[in-house]
Amino acid sequence: MEKFKSLTAKVMPIPLTDIDTDMIIPAQFLTSVSKEGYGENLFRRLRDKDPQFPLNQTKYKDAAIMLTDNNFGCGSSREHAVWAILSAGFKVVISKSFADIFFSNSAKNGLVLVTLPEQIVDELLAEAQKHELTLTIDLEAEEVRKVNGTVYKFKYDPFRRHCILNGLDDIDYILSMKNEIAQFRKTQMTKPVASTFANN
Amino acid sequence: MGNTDTKSIFEKIWQSHVVKQIEGHPAVFVIDLMLIHEVTSAQAFKTLEEKGLPVFDSSKLLATIDHSIPTRANRWEIFDEAAKIQVETLRQNCKKYNIPFRDFNQGQGIVHVIGPELGLTQPGMTIVCGDSHTSTHGAFGALAFGIGTSEVGHVLATGCLLQQKPKSMKVEFRGHFRKGVFAKDAILALIGKIGIGGANGHVIEYTGQAIDAMSMEERMTVCNMSIECGARAGLIAPDKTTFAYLKDRPHAPKGEQWSKAIEYWQSLKSDNNCKYDREVIIDLDKLHPVVTWGTNPGQAIQITESVPKLANLPDSEQAVSKAALAYTHLSEGTKIEGTPIDWAFVGSCTNGRIEDLRIVAKVLAGHHIHPQVTMYIVPGSEAVLEQVKQEHLDKVFAEAGAQLRMPGCSMCLGMNDDKVPEGKRCVSSSNRNFQGRQGPGSITHLASPATVAASAIAGKLTSPEQYF
């Protein structure tokens with residue numbers, strides 16, 4: 001996983017609530033066995049239907065921060081949604097809230113999800129649709145900063161923040177507790193639930 | 001409010017599966033069973049290879065193919081080159097790592113249909129799969145949830161996951177179903193009430209008179225759609241109905257183990273007066289069949305109602321509702337019943353089990369579907385298909401003009417060739433009505449299998465009440 005500390009980049013606003021993972025990457029593009037190449041089909045259906053959809057607008061070509069309304073990433077557990085966003089060049093998504101599995105998938109790929117209060121997201125959405133908006137996302141300081149100096153604080157799960165700042169993977173963390181897991185399994189085998197299952 | 005000693009079933013299962021939790025860190029959480037399918041596993045196996053790690057314990061895994069496979073009779077031949085590679089990759093990985101694999105003609109089916117059928121899904125277990133509808137298995141009193149591909153890799157390599165403890169929520173379904181109203185209508189009513197993010201971060205425990213009276217198939221339908229209101233999982237305490245379903249299934253405990261298991265399973269029930277972070281009550285006595293009008297499962301109304309008027313909806317729903325109406329070509333304030341349909345789909349992990357197909361046969365018997373309608377009936381598994389044939393339901397479907405297909409996810413997500421054509425309207429027993437979910441430009445109305453069948457006959461959205 002790539003480390004992320006801070007980023008200053010252009011914002012692409014998508015003023016929609018409940019953006020689901022079928023919108024982010026439709027099922028027909030999930031047949032690949034690799035993590036690469038999903039970026040070109042990010043929001044494919046919305047892009048095909050609407051020439052004005054932000055991803056179709058050249059002014060957002062080099063945007064690396066996506067700004068959306070409420071409940072981003074609901075629906076399917078497909079991690080392809082995260083891979084698609086990352087491979088299209090986005091490193092951060094800002095929203096009022098995120099769906100659980102999407103949040104978990106993002107953390108494991110270093111996609112930084114920033115939750116800001118409703119009113120601030122509304123203001124930023126309005127601003128980004130009016131003129132070019134550049135933001136700095138500082139994960140270390142847990143701050144979003146505007147060019148004019150305005151600072152918005154956000155909270156990030158401390159463990160996940162540590163992992164993303166240092167590019168750490170869950171597998172290594174779990175494997176570091178190998179002995180405890182083995183011991184736990186041994187004890188669990190004596191309990192009815194495990195023994196009934198293991199006997200089959 | 002309960003005291004601190006009382007525990008819910010969720011608390012009990014959670015606590016018995018935490019290996020270790022360092023303060024401020026997520027818990028190292030043990031997984032008892034992982035189900036695997038072709039779409040969300042290849043990259044996880046690749047990670048294992050890259051890190052040079054073996055599979056931790058293949059006896060705690062079960063794999064099958066369901067999402068991207070054809071449901072034609074000659075399904076061995078996959079024309080889509082990428083899907084073919086994906087299926088073949090899973091076959092190879094299962095072989096390489098010695099993972100139990102249910103291939104075509106070897107008990108294949110939708111992961112969430114075959115796990116319970118085989119008796120692998122048992123109370124008190126932790127179950128995961130790279131699929132958000134893993135919550136289905138909660139019907140057995142298991143803690144079951146969907147995970148991403150990275151996490152599939154973590155379970156393959158370690159048998160564990162890093163998990164933050166979710167909050168708890170109790171949903172009580174009070175009262176009895178009216179004739180022609182089913183579990184699907186109840187869960188759609190809940191999602192309609194609390195919204196698609198209404199249970200974000202929570203594990204739901206379903207309780208109440210209506211749940212007690214439900215069959216396992218119905219309970220699976222309810223738990224299946226927990227994710228559609230954002231819940232991490234949904235579960236139901238095991239009882240006599242659960243035990244009767246499990247008894248003598250291939251992987252269920254036998255002999256002395258069976259009585260030990262029952263004793264343990266009974267201990268899982270939530271303690272009286274235990275505390276939940278949130279509680280919701282749904283009254284079923286007056287509920288009519290429910291259908292969706294929009295482009296997410298929360299946009300649901302009773303079939304007797306009209307499409308909502310935008311002016312009556314809260315500000316936060318204005319934009320999304322307006323877009324939904326534009327997409328579904330419906331006008332605000334018009335009656336939903338009578339909306340003409342082109343397609344009807346029965347199947348999916350929500351409603352593709354034998355009981356669902358029996359209900360569909362009961363409605364279709366002696367009728368023919370409307371000449372404008374194409375109807376697909378896709379059994380959830382080979383075992384379901386076999387049962388359909390034994391009960392001669394296939395003849396009922398054929399006489400009604402419906403197509404009985406081979407098992408798989410099919411038109412629920414349109415990953416294979418089974419797609420609703422652009423601009424066509426489908427009444428569907430599946431779980432998501434997202435834009436283009438059943439095919440680019442397709443329009444979906446979620447409903448119970450009974451409503452799907454009644455609507456297929458009439459050629460328009462129709463209440464099935466007259467058939468029961």
# chains A, B, ... in the order shown; residues from 1 in each chain; ligands from 1
call {"tool": "interface_residues", "arguments": {"of": "chain B", "to": "chain A", "cutoff": "7 Å", "atoms": "only C-alpha atoms", "output": "PyMOL selection string"}}
result
chain B and resi 19+24-25+28+39-40+42-43+82-83+86+124+130-132+146-150+154+158+197+200-201+228+230+232+251+253+257+260-261+264+320+413-415+437
call {"tool": "select_by_dssp", "arguments": {"residues": "range 112-255 of chain B", "states": "alpha helix (DSSP H)", "output": "number ranges by chain"}}
result
B: 112-117, 149-158, 183-194, 209-213, 216-224, 240-246, 255
call {"tool": "residues_around", "arguments": {"residues": "Leu42 in chain A", "least_positions_apart": "6", "cutoff": "9 Å", "atoms": "only C-alpha atoms", "output": "list in words"}}
result
Met23, Ile24, Ile25, Pro26, Leu55, Ala81, Ala84, Ile85, Ser87 and Ala88 of chain A
call {"tool": "atom_distance", "arguments": {"atom1": "CA of Trp258 in chain B", "atom2": "CA of Thr350 in chain B"}}
result
28.6 Å
call {"tool": "residues_around", "arguments": {"residues": "range 113-117 of chain A", "least_positions_apart": "2", "cutoff": "7 Å", "atoms": "only C-alpha atoms", "output": "PyMOL selection string"}}
result
chain A and resi 92-97+111+119-121+154
call {"tool": "atom_distance", "arguments": {"atom1": "CA of Val113 in chain B", "atom2": "CA of Ala237 in chain B"}}
result
19.3 Å
call {"tool": "residues_around", "arguments": {"residues": "Lys91 in chain A", "least_positions_apart": "6", "cutoff": "7 Å", "atoms": "only C-alpha atoms", "output": "list in words"}}
result
Ala64, Ile65, Leu111 and Val112 of chain A
call {"tool": "write_last_selection", "arguments": {"atoms": "C-alpha atoms", "output": "short mmCIF file (atom, residue, chain, number, x, y, z; two decimals), in the first residue's frame"}}
result
data_model
loop_
_atom_site.label_atom_id
_atom_site.label_comp_id
_atom_site.auth_asym_id
_atom_site.auth_seq_id
_atom_site.Cartn_x
_atom_site.Cartn_y
_atom_site.Cartn_z
CA ALA A 64 -7.32 14.21 -7.40
CA ILE A 65 -9.96 14.97 -4.77
CA LEU A 111 -7.76 5.81 -0.54
CA VAL A 112 -8.31 8.55 2.01
#
call {"tool": "closest_residue", "arguments": {"among": "B:Cys412, B:Ala73, B:Pro26, B:Gly107", "to": "Cys163 in chain A", "atoms": "only C-alpha atoms"}}
result
B:Pro26
